[in-house]
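Novice: What follows is coords.cif, mmCIF, C-alpha atoms.
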data_my_file
loop_
_atom_site.label_atom_id
_atom_site.label_comp_id
_atom_site.auth_asym_id
_atom_site.auth_seq_id
_atom_site.Cartn_x
_atom_site.Cartn_y
_atom_site.Cartn_z
CA MET Z 252 -27.36 -31.03 12.22
CA GLN Z 253 -26.03 -32.31 15.55
CA VAL Z 254 -22.98 -30.05 15.44
CA PHE Z 255 -25.13 -27.00 14.70
CA LYS Z 256 -27.46 -27.81 17.62
CA ALA Z 257 -24.48 -28.34 19.91
CA PHE Z 258 -23.10 -24.99 18.75
CA LEU Z 259 -26.30 -23.18 19.74
CA LYS Z 260 -26.42 -24.92 23.13
CA THR Z 261 -22.81 -23.99 23.82
CA GLU Z 262 -23.48 -20.40 22.79
CA LYS Z 263 -25.99 -20.00 25.65
CA LYS Z 264 -23.10 -20.32 28.10
CA PHE Z 265 -21.21 -17.37 26.59
CA LEU Z 266 -24.25 -15.27 25.68
CA PRO Z 267 -24.33 -13.18 28.92
CA SER Z 268 -20.82 -11.79 28.42
CA THR Z 269 -21.67 -11.04 24.80
CA ILE Z 270 -24.88 -9.22 25.68
CA LEU Z 271 -23.01 -7.21 28.32
CA TYR Z 272 -21.01 -5.43 25.57
CA PHE Z 273 -24.24 -4.63 23.74
CA ALA Z 274 -25.99 -3.37 26.87
CA ILE Z 275 -23.16 -1.01 27.84
CA PHE Z 276 -22.74 0.36 24.32
CA SER Z 277 -26.50 0.78 23.85
CA ALA Z 278 -26.84 2.57 27.20
CA ILE Z 279 -24.17 5.08 26.21
CA ALA Z 280 -25.75 5.57 22.77
CA PHE Z 281 -29.21 6.01 24.34
CA ILE Z 282 -27.98 8.64 26.80
CA ALA Z 283 -26.22 10.54 24.00
CA ALA Z 284 -29.32 10.39 21.79
CA TYR Z 285 -31.60 11.45 24.66
CA PHE Z 286 -29.64 14.54 25.60
CA ASP Z 287 -29.07 15.44 21.95
CA SER Z 288 -32.83 15.27 21.28
CA LYS Z 289 -33.79 17.78 23.99
CA PRO Z 290 -35.39 20.98 22.64
CA GLU Z 291 -32.60 23.21 23.90
CA ASN Z 292 -30.11 21.06 21.99
CA SER Z 293 -32.12 21.04 18.77
CA SER Z 294 -32.83 24.74 18.52
CA PHE Z 295 -29.44 25.90 17.31
CA GLN Z 296 -29.97 29.30 15.76
CA THR Z 297 -26.73 31.16 15.28
CA THR Z 298 -23.78 30.74 12.94
CA ALA Z 299 -21.06 31.33 15.51
CA LEU Z 300 -18.57 28.46 15.75
CA GLU Z 301 -15.23 28.05 17.44
CA ILE Z 302 -12.44 28.22 14.83
CA GLY Z 303 -8.80 27.77 15.70
CA VAL Z 304 -6.43 29.67 13.36
CA ILE Z 305 -2.75 29.04 12.71
CA ASP Z 306 -1.47 32.04 10.72
CA GLU Z 307 2.14 31.51 9.63
CA ASP Z 308 1.80 33.90 6.67
CA GLY Z 309 0.90 37.10 8.53
CA SER Z 310 0.04 38.80 5.24
CA ASP Z 311 -2.68 41.29 4.32
CA VAL Z 312 -4.77 38.51 2.74
CA SER Z 313 -4.54 36.20 5.76
CA THR Z 314 -5.43 39.10 8.06
CA ALA Z 315 -8.39 40.07 5.87
CA LEU Z 316 -9.66 36.49 5.76
CA LYS Z 317 -9.49 36.25 9.54
CA GLU Z 318 -11.39 39.52 9.90
CA TYR Z 319 -14.06 38.23 7.53
CA LEU Z 320 -14.47 34.97 9.44
CA SER Z 321 -14.52 36.79 12.78
CA THR Z 322 -17.73 38.57 11.73
CA MET Z 323 -19.50 35.17 11.79
CA HIS Z 324 -17.43 32.98 14.10
CA THR Z 325 -15.22 33.08 17.16
CA LEU Z 326 -11.56 32.85 16.16
CA THR Z 327 -8.78 31.64 18.46
CA PRO Z 328 -5.10 31.96 17.47
CA LEU Z 329 -3.25 28.66 17.85
CA LYS Z 330 0.33 27.49 17.74
CA ASN Z 331 1.27 24.95 15.11
CA GLU Z 332 1.75 22.18 17.65
CA LYS Z 333 0.17 18.75 17.24
CA GLU Z 334 -0.65 18.34 20.95
CA VAL Z 335 -2.50 21.65 20.97
CA LEU Z 336 -4.59 20.66 17.96
CA LEU Z 337 -5.36 17.23 19.45
CA ASP Z 338 -6.56 18.76 22.71
CA ARG Z 339 -8.67 21.43 21.01
CA LEU Z 340 -10.49 18.96 18.77
CA PHE Z 341 -10.74 16.12 21.27
CA TYR Z 342 -12.37 18.32 23.92
CA ARG Z 343 -14.40 20.15 21.23
CA SER Z 344 -12.80 23.49 22.16
CA SER Z 345 -12.61 24.12 18.42
CA ASP Z 346 -15.07 22.98 15.77
CA TYR Z 347 -12.59 23.63 12.98
CA VAL Z 348 -8.87 24.43 12.67
CA LEU Z 349 -7.66 26.62 9.80
CA SER Z 350 -3.95 26.68 8.94
CA LEU Z 351 -2.57 29.48 6.72
CA PRO Z 352 1.02 28.52 5.80
CA LYS Z 353 3.72 30.83 4.50
CA GLY Z 354 3.03 31.87 0.91
CA PHE Z 355 -0.74 31.91 1.42
CA GLU Z 356 -1.02 35.41 -0.07
CA GLU Z 357 0.59 34.21 -3.32
CA ASN Z 358 -1.16 30.86 -3.88
CA PHE Z 359 -4.26 31.06 -1.60
CA GLU Z 360 -3.58 27.47 -0.46
CA TYR Z 361 -4.59 26.56 3.09
CA GLU Z 362 -5.02 23.46 5.25
CA THR Z 363 -7.78 22.40 7.63
CA VAL Z 364 -8.34 19.89 10.41
CA GLN Z 365 -11.97 18.93 10.97
CA ILE Z 366 -13.99 16.60 13.17
CA PRO Z 367 -15.60 13.82 11.07
CA GLY Z 368 -19.38 13.96 10.88
CA ILE Z 369 -19.71 17.70 11.66
CA TYR Z 370 -21.80 19.28 8.90
CA THR Z 371 -20.90 22.83 9.93
CA SER Z 372 -17.33 22.30 8.70
CA ALA Z 373 -18.66 22.25 5.14
CA PHE Z 374 -20.22 25.69 5.62
CA ILE Z 375 -16.94 27.12 6.91
CA ASP Z 376 -15.17 25.67 3.86
CA ARG Z 377 -17.75 27.31 1.64
CA GLN Z 378 -17.34 30.67 3.38
CA ILE Z 379 -13.55 30.55 3.02
CA ASN Z 380 -13.72 29.50 -0.64
CA SER Z 381 -16.35 32.15 -1.36
CA TYR Z 382 -14.11 34.86 0.09
CA LEU Z 383 -11.00 33.71 -1.78
CA LYS Z 384 -12.85 33.32 -5.10
CA THR Z 385 -14.34 36.80 -4.79
CA LEU Z 386 -10.93 38.23 -3.97
CA LYS Z 387 -9.40 36.49 -7.00
CA CYS Z 388 -12.08 37.97 -9.24
CA TYR Z 389 -11.29 41.51 -8.09
CA LEU Z 390 -7.56 40.93 -8.50
CA SER Z 391 -8.16 39.54 -12.00
CA GLY Z 392 -10.19 42.66 -12.74
CA GLY Z 393 -7.12 44.85 -12.28
CA PHE Z 394 -7.70 46.11 -8.75
CA SER Z 395 -4.80 46.45 -6.37
CA LEU Z 396 -4.58 44.09 -3.41
CA ASP Z 397 -5.86 46.71 -0.94
CA GLU Z 398 -8.77 47.67 -3.20
CA ALA Z 399 -9.64 44.04 -3.87
CA ILE Z 400 -9.70 43.27 -0.13
CA GLN Z 401 -11.96 46.24 0.58
CA LYS Z 402 -14.39 45.43 -2.21
CA THR Z 403 -14.47 41.74 -1.27
CA SER Z 404 -15.24 42.55 2.35
CA ALA Z 405 -17.95 45.01 1.32
CA SER Z 406 -19.65 42.64 -1.13
CA LEU Z 407 -19.72 39.73 1.30
CA ALA Z 408 -20.58 41.66 4.47
CA ALA Z 409 -24.34 41.70 3.89
CA ALA Z 410 -24.47 38.04 2.94
CA ALA Z 411 -22.30 37.06 5.91
CA ASN Z 412 -24.73 38.63 8.35
CA GLN Z 413 -27.59 36.59 6.95
CA VAL Z 414 -25.93 33.18 6.72
CA GLU Z 415 -27.58 30.51 8.86
CA ILE Z 416 -25.95 27.15 9.23
CA LEU Z 417 -29.19 25.32 9.92
CA LYS Z 418 -32.41 26.94 8.75
CA THR Z 419 -35.21 25.06 10.52
CA GLN Z 420 -35.65 23.02 13.63
CA THR Z 421 -36.57 19.99 11.51
CA GLU Z 422 -33.35 20.25 9.50
CA THR Z 423 -31.44 20.67 12.75
CA LYS Z 424 -32.95 17.51 14.16
CA THR Z 425 -32.20 15.50 11.01
CA SER Z 426 -28.62 16.72 10.88
CA SER Z 427 -28.17 16.06 14.60
CA ASN Z 428 -29.45 12.50 14.23
CA LEU Z 429 -27.09 11.90 11.30
CA ASN Z 430 -24.14 13.20 13.31
CA MET Z 431 -25.00 10.86 16.17
CA LEU Z 432 -25.47 7.99 13.72
CA PHE Z 433 -21.98 8.57 12.32
CA TYR Z 434 -20.47 8.47 15.82
CA TYR Z 435 -22.46 5.30 16.54
CA TYR Z 436 -20.97 3.50 13.54
CA GLN Z 437 -17.56 5.09 14.20
CA PHE Z 438 -17.26 3.18 17.48
CA LEU Z 439 -19.12 0.08 16.31
CA PRO Z 440 -16.01 -1.81 15.05
CA TYR Z 441 -14.56 -1.99 18.56
CA VAL Z 442 -17.77 -3.18 20.23
CA LEU Z 443 -18.95 -5.53 17.47
CA LEU Z 444 -15.58 -7.22 17.01
CA SER Z 445 -15.22 -7.58 20.79
CA MET Z 446 -18.63 -9.24 21.00
CA ILE Z 447 -17.89 -11.64 18.13
CA LEU Z 448 -14.46 -12.64 19.44
CA THR Z 449 -15.71 -13.01 23.01
CA GLY Z 450 -18.81 -14.99 22.06
CA LEU Z 451 -17.53 -17.02 19.11
CA THR Z 452 -13.92 -17.96 19.83
CA PRO Z 453 -14.61 -20.03 22.99
CA ILE Z 454 -17.26 -22.06 21.11
CA LEU Z 455 -15.00 -22.79 18.16
CA THR Z 456 -12.22 -23.66 20.61
CA THR Z 457 -14.54 -26.16 22.31
CA PHE Z 458 -15.02 -28.04 19.05
CA TRP Z 459 -11.23 -28.23 18.64
CA GLU Z 460 -10.92 -29.96 22.02
CA LYS Z 461 -9.04 -33.23 21.39
CA ASN Z 462 -11.57 -35.73 22.72
CA LEU Z 463 -14.58 -33.97 21.21
CA ALA Z 464 -12.84 -33.62 17.84
CA LYS Z 465 -12.06 -37.36 17.85
CA ARG Z 466 -15.66 -38.25 18.71
CA ILE Z 467 -16.93 -36.14 15.83
CA SER Z 468 -14.36 -37.65 13.45
CA CYS Z 469 -15.44 -41.16 14.48
CA SER Z 470 -19.08 -40.38 13.80
CA SER Z 471 -20.82 -40.28 10.45
CA THR Z 472 -20.29 -36.51 10.33
CA SER Z 473 -17.56 -35.64 7.84
CA LEU Z 474 -15.02 -32.87 8.39
CA PHE Z 475 -16.71 -30.87 5.63
CA SER Z 476 -20.15 -31.28 7.25
CA ARG Z 477 -18.71 -30.36 10.64
CA ASN Z 478 -17.10 -27.19 9.32
CA LEU Z 479 -20.25 -26.34 7.37
CA GLN Z 480 -22.44 -26.62 10.48
CA LEU Z 481 -19.95 -24.59 12.53
CA SER Z 482 -19.95 -21.94 9.79
CA LEU Z 483 -23.76 -21.89 9.83
CA GLY Z 484 -23.77 -21.46 13.60
CA SER Z 485 -21.22 -18.65 13.33
CA ILE Z 486 -23.33 -16.90 10.70
CA VAL Z 487 -26.48 -17.14 12.83
CA PHE Z 488 -24.64 -15.79 15.89
CA CYS Z 489 -23.02 -12.89 14.02
CA LEU Z 490 -26.24 -11.91 12.25
CA PHE Z 491 -28.03 -11.92 15.59
CA VAL Z 492 -25.44 -9.58 17.11
CA TRP Z 493 -25.38 -7.30 14.04
CA LEU Z 494 -29.18 -7.07 13.89
CA LEU Z 495 -29.23 -6.06 17.56
CA PHE Z 496 -27.03 -3.06 16.77
CA LEU Z 497 -29.01 -2.30 13.62
CA LEU Z 498 -32.26 -2.32 15.60
CA ALA Z 499 -30.75 -0.12 18.31
CA SER Z 500 -29.53 2.47 15.79
CA GLY Z 501 -32.99 2.53 14.20
CA ILE Z 502 -34.61 3.14 17.61
CA PHE Z 503 -32.13 5.82 18.69
CA TYR Z 504 -31.76 7.76 15.43
CA GLY Z 505 -35.07 7.15 13.66
CA ASP Z 506 -35.34 7.77 9.92
CA SER Z 507 -31.69 8.82 9.70
CA ILE Z 508 -30.78 5.19 9.18
CA LEU Z 509 -32.95 5.14 6.03
CA THR Z 510 -31.05 8.03 4.40
CA LYS Z 511 -28.38 7.36 1.82
CA GLN Z 512 -25.64 7.98 4.38
CA GLY Z 513 -27.34 5.72 6.92
CA ILE Z 514 -27.72 2.83 4.47
CA LEU Z 515 -24.08 3.15 3.41
CA CYS Z 516 -22.99 3.08 7.07
CA VAL Z 517 -25.03 -0.08 7.63
CA GLY Z 518 -23.61 -1.74 4.53
CA ASN Z 519 -20.08 -0.82 5.52
CA SER Z 520 -20.57 -2.25 9.04
CA PHE Z 521 -21.77 -5.60 7.65
CA LEU Z 522 -18.19 -6.45 6.65
CA LEU Z 523 -17.27 -6.53 10.33
CA LEU Z 524 -19.10 -9.87 10.58
CA PRO Z 525 -16.87 -11.98 8.28
CA LEU Z 526 -13.87 -10.09 9.67
CA GLY Z 527 -14.77 -11.12 13.23
CA VAL Z 528 -15.46 -14.71 12.18
CA SER Z 529 -12.12 -15.04 10.37
CA ILE Z 530 -10.20 -13.70 13.38
CA SER Z 531 -12.13 -16.04 15.69
CA LEU Z 532 -11.27 -19.01 13.49
CA ILE Z 533 -7.58 -18.11 13.63
CA LEU Z 534 -7.63 -17.67 17.41
CA SER Z 535 -9.57 -20.90 18.02
CA SER Z 536 -7.01 -22.95 16.07
CA PHE Z 537 -4.53 -22.27 18.90
CA SER Z 538 -6.99 -23.70 21.50
CA PRO Z 539 -6.67 -20.73 23.87
CA SER Z 540 -7.98 -20.76 27.43
CA PRO Z 541 -10.88 -18.41 28.38
CA ASN Z 542 -8.42 -15.96 29.94
CA ALA Z 543 -6.25 -16.07 26.82
CA VAL Z 544 -9.33 -15.37 24.64
CA SER Z 545 -10.20 -12.35 26.77
CA MET Z 546 -6.63 -11.05 26.63
CA ALA Z 547 -6.34 -11.60 22.86
CA THR Z 548 -9.70 -9.88 22.29
CA ASN Z 549 -8.62 -6.81 24.23
CA VAL Z 550 -5.24 -6.63 22.50
CA ILE Z 551 -6.66 -7.07 18.98
CA CYS Z 552 -9.70 -4.82 19.33
CA LEU Z 553 -8.06 -2.04 21.34
CA SER Z 554 -4.92 -1.89 19.21
CA MET Z 555 -6.88 -1.75 15.94
CA SER Z 556 -9.24 0.85 17.42
CA PHE Z 557 -6.42 3.14 18.49
CA LEU Z 558 -4.33 2.68 15.34
CA CYS Z 559 -7.15 2.77 12.76
CA GLY Z 560 -9.12 5.82 13.91
CA VAL Z 561 -11.97 4.43 16.02
CA PHE Z 562 -11.01 6.32 19.18
CA ILE Z 563 -8.87 9.04 17.59
CA PRO Z 564 -9.87 10.55 14.20
CA GLN Z 565 -7.58 9.49 11.37
CA GLN Z 566 -6.93 13.16 10.55
CA LEU Z 567 -5.16 13.50 13.89
CA LEU Z 568 -2.98 10.39 13.60
CA GLY Z 569 0.65 10.68 12.55
CA LYS Z 570 1.83 9.70 9.08
CA GLU Z 571 3.79 6.74 10.41
CA VAL Z 572 0.76 5.45 12.33
CA LEU Z 573 -1.50 5.85 9.30
CA ALA Z 574 1.02 4.11 7.06
CA PHE Z 575 1.04 1.12 9.42
CA SER Z 576 -2.73 1.11 10.03
CA LYS Z 577 -3.40 0.73 6.29
CA PHE Z 578 -2.31 -2.88 6.73
CA LEU Z 579 -5.25 -3.41 9.11
CA PRO Z 580 -8.79 -3.95 7.76
CA VAL Z 581 -10.45 -1.67 10.32
CA TYR Z 582 -8.56 1.30 8.83
CA TRP Z 583 -10.58 0.99 5.62
CA GLN Z 584 -13.78 0.52 7.62
CA ILE Z 585 -13.23 3.83 9.43
CA ASN Z 586 -12.00 5.52 6.25
CA ASN Z 587 -15.33 4.69 4.66
CA ASN Z 588 -17.23 5.99 7.67
CA ASP Z 589 -15.29 9.27 7.53
CA LEU Z 590 -16.01 9.49 3.80
CA ILE Z 591 -19.75 9.08 4.43
CA SER Z 592 -19.85 11.51 7.35
CA SER Z 593 -18.00 14.24 5.43
CA SER Z 594 -20.42 14.09 2.47
CA VAL Z 595 -22.53 17.18 1.89
CA ASN Z 596 -26.14 17.00 0.66
CA GLY Z 597 -25.72 13.30 -0.08
CA MET Z 598 -22.83 13.93 -2.51
CA LEU Z 599 -20.34 11.11 -2.01
CA ASP Z 600 -17.35 9.66 -3.85
CA MET Z 601 -18.89 6.22 -4.44
CA ALA Z 602 -15.82 5.00 -6.34
CA LYS Z 603 -13.71 5.48 -3.22
CA TYR Z 604 -16.44 3.91 -1.07
CA TRP Z 605 -16.47 0.72 -3.15
CA LYS Z 606 -12.68 0.71 -3.32
CA ASN Z 607 -12.55 0.64 0.49
CA ILE Z 608 -15.18 -2.11 0.52
CA GLY Z 609 -13.08 -4.13 -1.92
CA ILE Z 610 -9.92 -3.72 0.16
CA GLN Z 611 -11.78 -4.92 3.25
CA ALA Z 612 -13.05 -7.94 1.30
CA LEU Z 613 -9.48 -8.80 0.24
CA TYR Z 614 -8.26 -8.67 3.83
CA ILE Z 615 -11.16 -10.87 4.94
CA GLY Z 616 -10.39 -13.37 2.18
CA ALA Z 617 -6.74 -13.48 3.22
CA LEU Z 618 -7.65 -14.04 6.88
CA PHE Z 619 -10.06 -16.85 5.96
CA SER Z 620 -7.30 -18.48 3.91
CA ILE Z 621 -4.96 -18.33 6.90
CA ALA Z 622 -7.70 -19.81 9.11
CA LEU Z 623 -8.24 -22.65 6.61
CA VAL Z 624 -4.53 -23.50 6.54
CA LEU Z 625 -4.33 -23.48 10.34
CA SER Z 626 -7.44 -25.67 10.51
CA LYS Z 627 -5.89 -28.30 8.23
CA ILE Z 628 -2.64 -28.26 10.20
CA LYS Z 629 -4.54 -28.61 13.48
CA ASN Z 630 -6.67 -31.45 12.13
CA ALA Z 631 -3.59 -33.30 10.79
CA LYS Z 632 -1.82 -33.03 14.16
CA GLN Z 633 -4.83 -34.40 16.00
CA LYS Z 634 -4.98 -37.42 13.68
CA GLU Z 635 -1.31 -38.14 14.33
CA VAL Z 636 -1.81 -38.19 18.09
#
Render the structure in this file as structure tokens.
Specialist:
Amino acid sequence: MQVFKAFLKTEKKFLPSTILYFAIFSAIAFIAAYFDSKPENSSFQTTALEIGVIDEDGSDVSTALKEYLSTMHTLTPLKNEKEVLLDRLFYRSSDYVLSLPKGFEENFEYETVQIPGIYTSAFIDRQINSYLKTLKCYLSGGFSLDEAIQKTSASLAAAANQVEILKTQTETKTSSNLNMLFYYYQFLPYVLLSMILTGLTPILTTFWEKNLAKRISCSSTSLFSRNLQLSLGSIVFCLFVWLLFLLASGIFYGDSILTKQGILCVGNSFLLLPLGVSISLILSSFSPSPNAVSMATNVICLSMSFLCGVFIPQQLLGKEVLAFSKFLPVYWQINNNDLISSSVNGMLDMAKYWKNIGIQALYIGALFSIALVLSKIKNAKQKEV
């Protein structure tokens, strides 16, 4: 196990820079959890939310729906411009954006843009669907459009005044912790991959150094044993890093990590470990310098984070960007996180969850295959020299 021991000794040299990522990310998460846990932040009592509305129909039904929602929420008319929507949601000026396209009065079809992980969006959806279903019932009963609108508004008025998004302070706290947990695991791919690439690639590169590689090849340690011990060291390092984040999320967000959504988030994040290792193996085969490793880490992690929805929600990315990002494994990681965060009362499309897990596994397998081919090519070239 000489290679494994050498791996651990070498890791001590790069451990400070690795821990720095964890310390910064944990500090930000701690501050967010601290302020979110204050009593004034956990005593949310009213139903009023900020809803942006794009009404391109301008019909009696769209006007009636807006009047109904305005009795419970604050409505803001918006233009159908992507930059406006991005700014409203990014700065949390709107909790929810409702778009009523032309023809809404005939087909009752609408579109929404929501912030992942916000439970209140589900209640707004329910209120809109409840209004439209009630209106359809009156229209099916033979009432005219004006009569149906009046009766719908009258029948829902009493219930609308009594609706409470979060009923108790305990439920508020649990929901708040879950929301923070989702954001924690939303940004985890960037930080975790950066830590793995920064801490692992230089070590693997060291073992590819010409003189060291020749010394190992001349010893009794076979290439298979060498790679096996390096793999074991990589596994130990990655598990250590992942468990640090797992422990931090448990400290910051308490029992939320033990809920169904929390466990699924943890399981989804585990796939970042083999993903980081496979990328590190590919990078190390090119024997990059420390500066080149740092540059490659920033390019890979930042580009995937921006394109795949880590920094900007996937709902706000353009179709062309999304089409390209589907070729990147982090896209499916974030897609799963969005799927978990948008679940209501634990109801989740598990088939889609496992499909995303499978796609990530295929990408990881492909990257490991590429790393293996590059390793053989590198080893063959070193023997020729």
Novice: Residues near segment 327-333 of chain Z, anyone? I mean within 9 Å using all atoms listed in the file, not counting same-chain ones fewer than 3 positions away, as a compact mmCIF listing (two decimals) with C-alpha atoms, keeping the file's coordinate frame.
Specialist:
# COMPACT_ATOMS: atom_id res chain seq x y z
CA GLU Z 301 -15.23 28.05 17.44
CA ILE Z 302 -12.44 28.22 14.83
CA GLY Z 303 -8.80 27.77 15.70
CA VAL Z 304 -6.43 29.67 13.36
CA ILE Z 305 -2.75 29.04 12.71
CA ASP Z 306 -1.47 32.04 10.72
CA GLU Z 307 2.14 31.51 9.63
CA LEU Z 336 -4.59 20.66 17.96
CA LEU Z 337 -5.36 17.23 19.45
CA ASP Z 338 -6.56 18.76 22.71
CA SER Z 345 -12.61 24.12 18.42
CA VAL Z 348 -8.87 24.43 12.67
CA SER Z 350 -3.95 26.68 8.94
CA LEU Z 567 -5.16 13.50 13.89
Novice: State, in Å with one decimal place, the distance from atom CA of Leu386 of chain Z to atom CA of Phe355 of chain Z.
Specialist: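 About the pair atom CA of Leu386 of chain Z and atom CA of Phe355 of chain Z: they are 13.1 Å apart.
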Novice: Provide the atom CA of Thr261 of chain Z to atom CA of Leu451 of chain Z distance in Å, to one decimal place.
Specialist: 9.9 Å
Novice: Run the PyMOL selection byres ((chain Z and resi 396-411) around 10) on the file and write out the hits as a PyMOL selection string.
Specialist: chain Z and resi 298+311-312+315-316+318-320+322-323+356+378+381-395+412-415
Novice: Output the residue selection produced by the PyMOL selection byres ((chain Z and resi 622) around 10) on the file above, formatted as an mmCIF file with C-alpha atoms, in the coordinates of the input.
Specialist:
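Okay, this is what ended up in selection38.cif:
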data_model
loop_
_atom_site.group_PDB
_atom_site.id
_atom_site.type_symbol
_atom_site.label_atom_id
_atom_site.label_comp_id
_atom_site.auth_asym_id
_atom_site.auth_seq_id
_atom_site.Cartn_x
_atom_site.Cartn_y
_atom_site.Cartn_z
ATOM 1 C CA VAL Z 528 -15.460 -14.710 12.180
ATOM 2 C CA SER Z 529 -12.120 -15.040 10.370
ATOM 3 C CA ILE Z 530 -10.200 -13.700 13.380
ATOM 4 C CA SER Z 531 -12.130 -16.040 15.690
ATOM 5 C CA LEU Z 532 -11.270 -19.010 13.490
ATOM 6 C CA ILE Z 533 -7.580 -18.110 13.630
ATOM 7 C CA LEU Z 534 -7.630 -17.670 17.410
ATOM 8 C CA SER Z 535 -9.570 -20.900 18.020
ATOM 9 C CA SER Z 536 -7.010 -22.950 16.070
ATOM 10 C CA GLY Z 616 -10.390 -13.370 2.180
ATOM 11 C CA ALA Z 617 -6.740 -13.480 3.220
ATOM 12 C CA LEU Z 618 -7.650 -14.040 6.880
ATOM 13 C CA PHE Z 619 -10.060 -16.850 5.960
ATOM 14 C CA SER Z 620 -7.300 -18.480 3.910
ATOM 15 C CA ILE Z 621 -4.960 -18.330 6.900
ATOM 16 C CA LEU Z 623 -8.240 -22.650 6.610
ATOM 17 C CA VAL Z 624 -4.530 -23.500 6.540
ATOM 18 C CA LEU Z 625 -4.330 -23.480 10.340
ATOM 19 C CA SER Z 626 -7.440 -25.670 10.510
ATOM 20 C CA LYS Z 627 -5.890 -28.300 8.230
ATOM 21 C CA ILE Z 628 -2.640 -28.260 10.200
#
Novice: So which residues get picked by the PyMOL selection byres ((chain Z and resi 508) around 12) here, written as a ChimeraX atom specification?
Specialist: /Z:425-426,428-433,435-436,496-507,509-518
Novice: Could you tell me which of Z:Ser554, Z:Asn519, Z:Ser538, Z:Ser476 comes closest to Ser576 of chain Z if we count all atoms listed in the file?
Specialist: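 Among the listed residues, the smallest separation from Ser576 of chain Z belongs to Z:Ser554.
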Novice: Hey, can you check how far atom CA of Thr325 of chain Z sits from atom CA of Leu300 of chain Z?
Specialist: 5.9 Å
Novice: Excluding Leu448 of chain Z and its own-chain neighbours fewer than 5 positions away, which residues fall within 12 Å of it when counting all atoms listed in the file? Please give them as a ChimeraX atom specification.
Specialist: /Z:265-266,268-269,272,440-443,453-456,485,488-489,492,523-535,541,543-552
Novice: Point out the residue among Z:Leu444, Z:Met555, Z:Ile379, Z:Ala373 with the least atom-to-atom distance to Phe359 of chain Z, counting all atoms listed in the file.
Specialist: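 Nearest candidate to Phe359 of chain Z out of Z:Leu444, Z:Met555, Z:Ile379, Z:Ala373: Z:Ile379.
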